[in-house]
>>> print(open('start.cif').read())   # mmCIF, N, CA and C atoms and all ligand atoms
data_input
#
loop_
_atom_site.label_atom_id
_atom_site.label_comp_id
_atom_site.auth_asym_id
_atom_site.auth_seq_id
_atom_site.Cartn_x
_atom_site.Cartn_y
_atom_site.Cartn_z
N MET A 1 39.69 -22.85 27.82
CA MET A 1 38.24 -22.69 28.03
C MET A 1 37.92 -21.22 28.36
N THR A 2 36.83 -20.73 27.80
CA THR A 2 36.47 -19.32 28.01
C THR A 2 35.94 -19.07 29.43
N LYS A 3 36.07 -17.83 29.87
CA LYS A 3 35.56 -17.44 31.19
C LYS A 3 34.06 -17.72 31.29
N GLU A 4 33.35 -17.46 30.21
CA GLU A 4 31.89 -17.67 30.17
C GLU A 4 31.56 -19.13 30.43
N LYS A 5 32.34 -20.00 29.80
CA LYS A 5 32.12 -21.43 29.93
C LYS A 5 32.36 -21.87 31.38
N ILE A 6 33.41 -21.35 31.96
CA ILE A 6 33.74 -21.68 33.35
C ILE A 6 32.61 -21.20 34.27
N GLU A 7 32.14 -19.99 33.99
CA GLU A 7 31.05 -19.42 34.77
C GLU A 7 29.79 -20.29 34.65
N TYR A 8 29.55 -20.77 33.44
CA TYR A 8 28.40 -21.63 33.16
C TYR A 8 28.45 -22.90 34.03
N TYR A 9 29.61 -23.51 34.09
CA TYR A 9 29.76 -24.72 34.91
C TYR A 9 29.59 -24.40 36.40
N ARG A 10 30.14 -23.24 36.81
CA ARG A 10 30.01 -22.82 38.21
C ARG A 10 28.54 -22.67 38.59
N LYS A 11 27.79 -22.05 37.68
CA LYS A 11 26.38 -21.82 37.95
C LYS A 11 25.61 -23.12 38.08
N LEU A 12 26.12 -24.15 37.44
CA LEU A 12 25.48 -25.47 37.55
C LEU A 12 25.90 -26.18 38.83
N GLY A 13 26.68 -25.48 39.63
CA GLY A 13 27.07 -26.04 40.92
C GLY A 13 28.31 -26.90 40.89
N LEU A 14 29.11 -26.76 39.83
CA LEU A 14 30.36 -27.52 39.75
C LEU A 14 31.50 -26.70 40.31
N LYS A 15 32.20 -27.29 41.26
CA LYS A 15 33.37 -26.62 41.79
C LYS A 15 34.46 -26.71 40.73
N MET A 16 35.03 -25.57 40.38
CA MET A 16 36.00 -25.59 39.29
C MET A 16 37.44 -25.55 39.78
N THR A 17 38.01 -26.73 39.96
CA THR A 17 39.41 -26.82 40.33
C THR A 17 40.22 -26.95 39.03
N PRO A 18 41.53 -26.71 39.10
CA PRO A 18 42.34 -26.85 37.86
C PRO A 18 42.23 -28.26 37.26
N GLN A 19 42.13 -29.28 38.13
CA GLN A 19 41.99 -30.65 37.64
C GLN A 19 40.68 -30.83 36.88
N ARG A 20 39.62 -30.28 37.47
CA ARG A 20 38.30 -30.37 36.84
C ARG A 20 38.30 -29.68 35.49
N LEU A 21 38.95 -28.53 35.46
CA LEU A 21 39.04 -27.77 34.24
C LEU A 21 39.74 -28.60 33.15
N ALA A 22 40.81 -29.28 33.56
CA ALA A 22 41.55 -30.11 32.61
C ALA A 22 40.67 -31.26 32.08
N ILE A 23 39.86 -31.83 32.96
CA ILE A 23 38.95 -32.91 32.55
C ILE A 23 37.93 -32.37 31.55
N LEU A 24 37.36 -31.22 31.87
CA LEU A 24 36.36 -30.62 31.00
C LEU A 24 36.95 -30.22 29.65
N GLU A 25 38.17 -29.72 29.69
CA GLU A 25 38.83 -29.34 28.45
C GLU A 25 39.09 -30.56 27.57
N TYR A 26 39.47 -31.64 28.21
CA TYR A 26 39.73 -32.87 27.46
C TYR A 26 38.44 -33.39 26.82
N LEU A 27 37.33 -33.24 27.54
CA LEU A 27 36.06 -33.75 27.04
C LEU A 27 35.43 -32.88 25.96
N GLU A 28 35.74 -31.59 25.99
CA GLU A 28 35.09 -30.66 25.07
C GLU A 28 35.38 -31.04 23.61
N GLY A 29 34.33 -31.34 22.90
CA GLY A 29 34.48 -31.69 21.47
C GLY A 29 35.15 -33.02 21.22
N ASN A 30 35.38 -33.79 22.28
CA ASN A 30 36.04 -35.09 22.15
C ASN A 30 35.06 -36.11 21.56
N THR A 31 35.44 -36.72 20.44
CA THR A 31 34.54 -37.68 19.81
C THR A 31 35.04 -39.12 19.96
N SER A 32 36.05 -39.32 20.83
CA SER A 32 36.60 -40.67 20.97
C SER A 32 35.85 -41.52 21.99
N HIS A 33 34.85 -40.96 22.64
CA HIS A 33 34.07 -41.69 23.65
C HIS A 33 34.98 -42.34 24.68
N PRO A 34 35.76 -41.52 25.39
CA PRO A 34 36.75 -42.08 26.32
C PRO A 34 36.11 -42.72 27.55
N SER A 35 36.84 -43.67 28.13
CA SER A 35 36.42 -44.26 29.40
C SER A 35 37.01 -43.39 30.51
N ALA A 36 36.59 -43.64 31.75
CA ALA A 36 37.13 -42.87 32.88
C ALA A 36 38.65 -43.07 32.95
N GLU A 37 39.11 -44.28 32.64
CA GLU A 37 40.54 -44.58 32.66
C GLU A 37 41.29 -43.77 31.60
N ASP A 38 40.69 -43.67 30.41
CA ASP A 38 41.32 -42.87 29.34
C ASP A 38 41.47 -41.42 29.79
N ILE A 39 40.42 -40.89 30.40
CA ILE A 39 40.43 -39.50 30.84
C ILE A 39 41.48 -39.32 31.93
N PHE A 40 41.50 -40.26 32.86
CA PHE A 40 42.46 -40.21 33.95
C PHE A 40 43.89 -40.20 33.42
N ARG A 41 44.19 -41.11 32.49
CA ARG A 41 45.54 -41.20 31.93
C ARG A 41 45.94 -39.90 31.26
N HIS A 42 44.99 -39.29 30.58
CA HIS A 42 45.31 -38.05 29.88
C HIS A 42 45.58 -36.89 30.86
N VAL A 43 44.69 -36.72 31.81
CA VAL A 43 44.81 -35.57 32.72
C VAL A 43 45.94 -35.77 33.73
N GLU A 44 46.25 -37.02 34.01
CA GLU A 44 47.32 -37.34 34.94
C GLU A 44 48.68 -36.82 34.45
N GLU A 45 48.84 -36.75 33.15
CA GLU A 45 50.09 -36.22 32.59
C GLU A 45 50.34 -34.80 33.08
N LYS A 46 49.25 -34.05 33.17
CA LYS A 46 49.36 -32.66 33.59
C LYS A 46 49.33 -32.53 35.12
N PHE A 47 48.55 -33.39 35.75
CA PHE A 47 48.40 -33.35 37.22
C PHE A 47 48.73 -34.72 37.81
N PRO A 48 50.03 -35.02 37.94
CA PRO A 48 50.42 -36.37 38.39
C PRO A 48 49.86 -36.76 39.75
N SER A 49 49.52 -35.78 40.57
CA SER A 49 49.04 -36.13 41.91
C SER A 49 47.53 -36.36 41.95
N MET A 50 46.88 -36.18 40.81
CA MET A 50 45.43 -36.32 40.77
C MET A 50 45.01 -37.78 41.01
N SER A 51 43.90 -37.94 41.73
CA SER A 51 43.44 -39.30 41.99
C SER A 51 42.35 -39.68 41.00
N PHE A 52 42.19 -40.99 40.85
CA PHE A 52 41.15 -41.48 39.95
C PHE A 52 39.77 -41.04 40.41
N ALA A 53 39.62 -40.92 41.74
CA ALA A 53 38.33 -40.51 42.32
C ALA A 53 37.91 -39.13 41.82
N THR A 54 38.88 -38.26 41.58
CA THR A 54 38.56 -36.92 41.06
C THR A 54 37.89 -37.04 39.69
N VAL A 55 38.45 -37.90 38.85
CA VAL A 55 37.87 -38.11 37.51
C VAL A 55 36.48 -38.71 37.66
N TYR A 56 36.40 -39.73 38.48
CA TYR A 56 35.13 -40.41 38.69
C TYR A 56 34.05 -39.45 39.19
N ASN A 57 34.39 -38.68 40.22
CA ASN A 57 33.41 -37.74 40.80
C ASN A 57 33.01 -36.66 39.81
N THR A 58 33.97 -36.19 39.02
CA THR A 58 33.66 -35.17 38.02
C THR A 58 32.69 -35.73 36.98
N LEU A 59 32.96 -36.95 36.53
CA LEU A 59 32.09 -37.58 35.53
C LEU A 59 30.68 -37.77 36.09
N GLU A 60 30.60 -38.18 37.35
CA GLU A 60 29.29 -38.34 37.98
C GLU A 60 28.53 -37.01 38.03
N ALA A 61 29.26 -35.96 38.43
CA ALA A 61 28.64 -34.63 38.54
C ALA A 61 28.16 -34.14 37.18
N LEU A 62 28.94 -34.41 36.14
CA LEU A 62 28.56 -33.98 34.79
C LEU A 62 27.35 -34.77 34.29
N LYS A 63 27.36 -36.05 34.61
CA LYS A 63 26.27 -36.94 34.21
C LYS A 63 24.95 -36.51 34.85
N GLU A 64 25.03 -36.22 36.16
CA GLU A 64 23.84 -35.77 36.90
C GLU A 64 23.22 -34.53 36.29
N ARG A 65 24.07 -33.66 35.76
CA ARG A 65 23.59 -32.41 35.19
C ARG A 65 23.28 -32.52 33.70
N GLY A 66 23.35 -33.73 33.19
CA GLY A 66 23.02 -33.96 31.78
C GLY A 66 24.02 -33.37 30.81
N LEU A 67 25.26 -33.17 31.27
CA LEU A 67 26.27 -32.57 30.39
C LEU A 67 27.07 -33.60 29.60
N ILE A 68 27.02 -34.84 30.05
CA ILE A 68 27.64 -35.93 29.29
C ILE A 68 26.73 -37.14 29.34
N LEU A 69 26.93 -38.03 28.39
CA LEU A 69 26.17 -39.28 28.38
C LEU A 69 27.10 -40.42 28.76
N GLU A 70 26.54 -41.37 29.50
CA GLU A 70 27.30 -42.56 29.82
C GLU A 70 26.85 -43.66 28.87
N LEU A 71 27.78 -44.25 28.18
CA LEU A 71 27.44 -45.30 27.21
C LEU A 71 27.84 -46.66 27.75
N SER A 72 26.96 -47.63 27.58
CA SER A 72 27.35 -48.98 27.98
C SER A 72 27.42 -49.88 26.76
N ILE A 73 28.05 -49.36 25.73
CA ILE A 73 28.17 -50.09 24.47
C ILE A 73 29.18 -51.22 24.60
N GLU A 74 30.28 -50.91 25.29
CA GLU A 74 31.33 -51.91 25.43
C GLU A 74 31.13 -52.65 26.74
N PRO A 75 30.98 -53.97 26.69
CA PRO A 75 30.73 -54.71 27.93
C PRO A 75 31.82 -54.49 28.97
N GLY A 76 31.38 -54.22 30.19
CA GLY A 76 32.32 -54.07 31.29
C GLY A 76 33.09 -52.77 31.31
N LYS A 77 32.79 -51.86 30.38
CA LYS A 77 33.54 -50.61 30.34
C LYS A 77 32.59 -49.46 30.01
N LYS A 78 32.49 -48.53 30.93
CA LYS A 78 31.65 -47.37 30.67
C LYS A 78 32.44 -46.37 29.84
N ARG A 79 31.79 -45.83 28.84
CA ARG A 79 32.44 -44.80 28.03
C ARG A 79 31.58 -43.55 28.10
N PHE A 80 32.21 -42.41 27.89
CA PHE A 80 31.49 -41.15 28.05
C PHE A 80 31.47 -40.34 26.76
N ASP A 81 30.35 -39.68 26.56
CA ASP A 81 30.15 -38.91 25.34
C ASP A 81 29.72 -37.49 25.70
N PRO A 82 30.58 -36.50 25.39
CA PRO A 82 30.18 -35.12 25.70
C PRO A 82 29.11 -34.59 24.75
N ASN A 83 28.84 -35.33 23.68
CA ASN A 83 27.78 -34.90 22.77
C ASN A 83 26.46 -35.52 23.23
N THR A 84 25.61 -34.67 23.81
CA THR A 84 24.38 -35.20 24.39
C THR A 84 23.20 -35.16 23.42
N GLU A 85 23.45 -34.75 22.19
CA GLU A 85 22.39 -34.83 21.17
C GLU A 85 22.11 -36.31 20.90
N PRO A 86 20.82 -36.65 20.71
CA PRO A 86 20.55 -38.07 20.45
C PRO A 86 21.26 -38.54 19.17
N HIS A 87 22.00 -39.61 19.28
CA HIS A 87 22.64 -40.18 18.10
C HIS A 87 22.94 -41.66 18.31
N HIS A 88 23.27 -42.31 17.23
CA HIS A 88 23.57 -43.75 17.25
C HIS A 88 25.09 -43.95 17.23
N HIS A 89 25.50 -45.19 17.44
CA HIS A 89 26.93 -45.47 17.46
C HIS A 89 27.31 -46.71 16.67
N MET A 90 28.55 -46.71 16.20
CA MET A 90 29.14 -47.89 15.59
C MET A 90 30.36 -48.21 16.44
N ILE A 91 30.55 -49.48 16.76
CA ILE A 91 31.75 -49.85 17.51
C ILE A 91 32.52 -50.93 16.77
N CYS A 92 33.83 -50.75 16.72
CA CYS A 92 34.68 -51.74 16.08
C CYS A 92 34.96 -52.83 17.11
N GLU A 93 34.66 -54.06 16.72
CA GLU A 93 34.82 -55.17 17.67
C GLU A 93 36.27 -55.54 17.91
N ARG A 94 37.15 -55.04 17.04
CA ARG A 94 38.55 -55.38 17.23
C ARG A 94 39.29 -54.32 18.06
N CYS A 95 39.23 -53.06 17.63
CA CYS A 95 40.02 -52.03 18.34
C CYS A 95 39.16 -51.21 19.31
N HIS A 96 37.87 -51.47 19.34
CA HIS A 96 36.92 -50.84 20.27
C HIS A 96 36.75 -49.33 20.06
N LYS A 97 37.09 -48.87 18.87
CA LYS A 97 36.83 -47.47 18.55
C LYS A 97 35.33 -47.30 18.37
N ILE A 98 34.83 -46.16 18.85
CA ILE A 98 33.40 -45.88 18.70
C ILE A 98 33.22 -44.70 17.76
N PHE A 99 32.31 -44.85 16.82
CA PHE A 99 32.03 -43.79 15.86
C PHE A 99 30.59 -43.32 16.03
N ASP A 100 30.39 -42.01 15.82
CA ASP A 100 29.04 -41.45 15.93
C ASP A 100 28.27 -41.61 14.63
N VAL A 101 26.99 -41.81 14.76
CA VAL A 101 26.11 -41.84 13.59
C VAL A 101 25.02 -40.80 13.82
N PHE A 102 25.15 -39.68 13.12
CA PHE A 102 24.14 -38.62 13.25
C PHE A 102 23.20 -38.70 12.06
N GLU A 103 22.35 -39.66 12.11
CA GLU A 103 21.45 -39.88 10.99
C GLU A 103 20.11 -40.30 11.56
N ASP A 104 19.08 -39.79 10.98
CA ASP A 104 17.76 -40.19 11.44
C ASP A 104 17.23 -41.26 10.52
N PHE A 105 17.11 -42.45 11.02
CA PHE A 105 16.55 -43.50 10.16
C PHE A 105 15.49 -44.24 10.94
N ALA A 106 14.58 -44.83 10.23
CA ALA A 106 13.47 -45.51 10.89
C ALA A 106 13.84 -46.95 11.22
N VAL A 107 13.55 -47.34 12.42
CA VAL A 107 13.70 -48.74 12.80
C VAL A 107 12.28 -49.27 12.94
N ASN A 108 11.88 -50.09 12.03
CA ASN A 108 10.50 -50.53 12.04
C ASN A 108 10.31 -51.85 12.78
N LEU A 109 9.74 -51.71 13.95
CA LEU A 109 9.45 -52.89 14.75
C LEU A 109 8.14 -53.50 14.27
N PRO A 110 8.08 -54.81 14.21
CA PRO A 110 6.80 -55.45 13.86
C PRO A 110 5.70 -55.01 14.82
N GLU A 111 4.50 -54.98 14.32
CA GLU A 111 3.38 -54.44 15.07
C GLU A 111 3.12 -55.14 16.39
N LYS A 112 3.46 -56.41 16.46
CA LYS A 112 3.20 -57.13 17.72
C LYS A 112 3.91 -56.48 18.91
N TYR A 113 5.01 -55.77 18.63
CA TYR A 113 5.72 -55.09 19.72
C TYR A 113 5.17 -53.70 19.98
N THR A 114 4.70 -53.06 18.94
CA THR A 114 4.32 -51.66 19.09
C THR A 114 2.84 -51.45 19.40
N LYS A 115 2.06 -52.53 19.34
CA LYS A 115 0.63 -52.31 19.60
C LYS A 115 0.38 -51.94 21.06
N ASP A 116 1.19 -52.43 21.98
CA ASP A 116 1.00 -52.08 23.39
C ASP A 116 2.12 -51.20 23.93
N PHE A 117 2.99 -50.81 23.06
CA PHE A 117 4.13 -50.02 23.53
C PHE A 117 4.37 -48.86 22.58
N LYS A 118 4.37 -47.66 23.15
CA LYS A 118 4.59 -46.49 22.30
C LYS A 118 6.08 -46.14 22.29
N VAL A 119 6.71 -46.38 21.16
CA VAL A 119 8.14 -46.09 21.05
C VAL A 119 8.35 -44.59 20.87
N LYS A 120 9.24 -44.04 21.70
CA LYS A 120 9.52 -42.61 21.58
C LYS A 120 10.85 -42.35 20.91
N ARG A 121 11.80 -43.16 21.23
CA ARG A 121 13.11 -42.99 20.60
C ARG A 121 13.86 -44.30 20.66
N CYS A 122 14.90 -44.41 19.90
CA CYS A 122 15.72 -45.60 20.01
C CYS A 122 17.17 -45.26 19.72
N GLU A 123 18.04 -46.05 20.30
CA GLU A 123 19.46 -45.88 20.07
C GLU A 123 19.97 -47.17 19.50
N VAL A 124 20.62 -47.08 18.36
CA VAL A 124 21.10 -48.28 17.69
C VAL A 124 22.61 -48.36 17.81
N VAL A 125 23.13 -49.55 18.09
CA VAL A 125 24.57 -49.77 18.10
C VAL A 125 24.90 -50.76 16.98
N PHE A 126 25.79 -50.35 16.10
CA PHE A 126 26.24 -51.21 15.02
C PHE A 126 27.59 -51.81 15.43
N TYR A 127 27.70 -53.12 15.37
CA TYR A 127 28.95 -53.77 15.71
C TYR A 127 29.63 -54.24 14.42
N GLY A 128 30.92 -54.04 14.34
CA GLY A 128 31.60 -54.47 13.12
C GLY A 128 33.07 -54.19 13.17
N LEU A 129 33.65 -53.94 11.99
CA LEU A 129 35.07 -53.67 11.89
C LEU A 129 35.29 -52.32 11.23
N CYS A 130 36.17 -51.51 11.82
CA CYS A 130 36.46 -50.21 11.23
C CYS A 130 37.36 -50.39 10.02
N LYS A 131 37.59 -49.30 9.29
CA LYS A 131 38.37 -49.36 8.06
C LYS A 131 39.77 -49.92 8.31
N GLU A 132 40.42 -49.37 9.34
CA GLU A 132 41.79 -49.81 9.65
C GLU A 132 41.84 -51.29 9.96
N CYS A 133 40.90 -51.77 10.75
CA CYS A 133 40.91 -53.18 11.13
C CYS A 133 40.54 -54.08 9.95
N GLN A 134 39.70 -53.57 9.05
CA GLN A 134 39.38 -54.36 7.85
C GLN A 134 40.62 -54.55 7.01
N GLU A 135 41.43 -53.48 6.91
CA GLU A 135 42.65 -53.57 6.11
C GLU A 135 43.65 -54.55 6.71
N LYS A 136 43.65 -54.59 8.04
CA LYS A 136 44.57 -55.52 8.74
C LYS A 136 44.12 -56.96 8.59
N GLU A 137 42.84 -57.14 8.29
CA GLU A 137 42.29 -58.49 8.24
C GLU A 137 42.81 -59.34 7.11
N VAL A 138 43.13 -58.69 6.00
CA VAL A 138 43.53 -59.48 4.82
C VAL A 138 44.84 -60.20 4.93
ZN ZN A 201 39.00 -51.14 14.48
ZN ZN A 202 28.61 -40.52 20.45
#
>>> encode(input="start.cif", output="structure tokens")
Amino acid sequence: MTKEKIEYYRKLGLKMTPQRLAILEYLEGNTSHPSAEDIFRHVEEKFPSMSFATVYNTLEALKERGLILELSIEPGKKRFDPNTEPHHHMICERCHKIFDVFEDFAVNLPEKYTKDFKVKRCEVVFYGLCKECQEKEV
């Protein structure tokens, strides 16, 4: 991670410990939508003494500052997305992989819903089977 980037996080009031840095590095450009457990398992390899609370607190701090999104696509499991641009998701119901959908498409709600409600944005989740799981299905 560049010095500028570290400085940027510091200015946002994030204390930058080596563990935190490792968490941020893991998240940077990560498109796998990891859970807190996934992040913990990864960073723990480098910092075996790190506690889960460190990961949890870091994720909370990042969320508060709008640097990551918390997704509740998978029931009972929070996943995190470092890409905070509005986008949609596809989730594989078998292997639980999440894919990004960066496409602007119209979701047309019947008028009975929109006459009293002004829709500003929407997030769509597509549930299905990924390519790998489809191949395994046959
Ligand atoms: Zn799959
Ligand atoms: Zn995403």
>>> closest_atom_pairs(input="start.cif", of="chain A", to="ligand ZN 202 (chain A)", cutoff="9 Å", atoms="only C-alpha atoms and all ligand atoms", output="CSV")
residue,atom,partner,partner_atom,distance
A:Thr31,CA,A:ZN202,ZN,6.6
A:Ser32,CA,A:ZN202,ZN,8.0
A:His33,CA,A:ZN202,ZN,6.4
A:Leu69,CA,A:ZN202,ZN,8.4
A:Leu71,CA,A:ZN202,ZN,8.4
A:Phe80,CA,A:ZN202,ZN,8.2
A:Asp81,CA,A:ZN202,ZN,5.4
A:Pro82,CA,A:ZN202,ZN,7.7
A:Asn83,CA,A:ZN202,ZN,6.1
A:Thr84,CA,A:ZN202,ZN,7.9
A:Glu85,CA,A:ZN202,ZN,8.5
A:Pro86,CA,A:ZN202,ZN,8.4
A:His87,CA,A:ZN202,ZN,6.4
A:His88,CA,A:ZN202,ZN,6.8
A:His89,CA,A:ZN202,ZN,6.0
A:Met90,CA,A:ZN202,ZN,8.8
A:Ile98,CA,A:ZN202,ZN,7.4
A:Phe99,CA,A:ZN202,ZN,6.6
A:Asp100,CA,A:ZN202,ZN,4.6
A:Val101,CA,A:ZN202,ZN,7.4
A:Phe102,CA,A:ZN202,ZN,8.7
>>> closest_residue(input="start.cif", among="A:Lys115, A:Arg121, A:Arg94, A:Lys5", to="ligand ZN 201 (chain A)", atoms="only C-alpha atoms and all ligand atoms")
A:Arg94
>>> closest_residue(input="start.cif", among="A:Phe105, A:Phe47, A:Phe40, A:Tyr127", to="Pro18 of chain A", atoms="only C-alpha atoms")
A:Phe47
>>> select_by_dssp(input="start.cif", residues="segment 31-107 of chain A", states="helix (DSSP H, G or I)", output="PyMOL selection string")
chain A and resi 36-46+52-64
>>> residues_near_ligand(input="start.cif", ligand="ligand ZN 201 (chain A)", cutoff="8 Å", atoms="all atoms listed in the file", output="list in words")
Ile91, Cys92, Glu93, Arg94, Cys95, His96, Lys97, Ile98, Gly128, Leu129, Cys130, Lys131, Glu132, Cys133 and Gln134 of chain A
>>> closest_residue(input="start.cif", among="A:Thr114, A:Asn108, A:Ser72, A:Gln19", to="Pro34 of chain A", atoms="only C-alpha atoms")
A:Ser72
>>> select_by_dssp(input="start.cif", residues="chain A", states="strand (DSSP E or B)", output="ChimeraX atom specification")
/A:35,69-74,77-81,88-92,98-101,125-128
>>> closest_atom_pairs(input="start.cif", of="segment 30-128 of chain A", to="segment 10-17 of chain A", cutoff="12 Å", atoms="only C-alpha atoms", output="Markdown table")
| residue | atom | partner | partner_atom | distance |
| --- | --- | --- | --- | --- |
| A:Phe47 | CA | A:Thr17 | CA | 11.5 |
| A:Met50 | CA | A:Thr17 | CA | 11.3 |
| A:Thr54 | CA | A:Thr17 | CA | 10.2 |
| A:Val55 | CA | A:Thr17 | CA | 11.7 |
| A:Asn57 | CA | A:Leu14 | CA | 10.7 |
| A:Thr58 | CA | A:Leu14 | CA | 8.5 |
| A:Leu59 | CA | A:Leu14 | CA | 11.0 |
| A:Glu60 | CA | A:Leu14 | CA | 11.0 |
| A:Ala61 | CA | A:Leu14 | CA | 7.4 |
| A:Leu62 | CA | A:Leu14 | CA | 8.3 |
| A:Lys63 | CA | A:Leu14 | CA | 11.7 |
| A:Glu64 | CA | A:Leu12 | CA | 10.4 |
| A:Arg65 | CA | A:Leu12 | CA | 7.6 |
| A:Gly66 | CA | A:Leu12 | CA | 10.6 |
| A:Leu67 | CA | A:Leu12 | CA | 10.1 |
>>> atom_distance(input="start.cif", atom1="atom CA of Asn30 of chain A", atom2="atom CA of Ser49 of chain A")
23.7 Å
>>> atom_distance(input="start.cif", atom1="atom CA of Glu25 of chain A", atom2="atom CA of Val124 of chain A")
28.1 Å
>>> atom_distance(input="start.cif", atom1="atom CA of Arg79 of chain A", atom2="atom N of Val119 of chain A")
26.7 Å
>>> closest_residue(input="start.cif", among="A:Lys136, A:Val107, A:Lys3, A:Ala22", to="Val43 of chain A", atoms="only N, CA and C atoms")
A:Ala22
>>> closest_residue(input="start.cif", among="A:Ile6, A:Ile39, A:Cys122, A:Met1", to="Ile23 of chain A", atoms="all atoms listed in the file")
A:Ile39
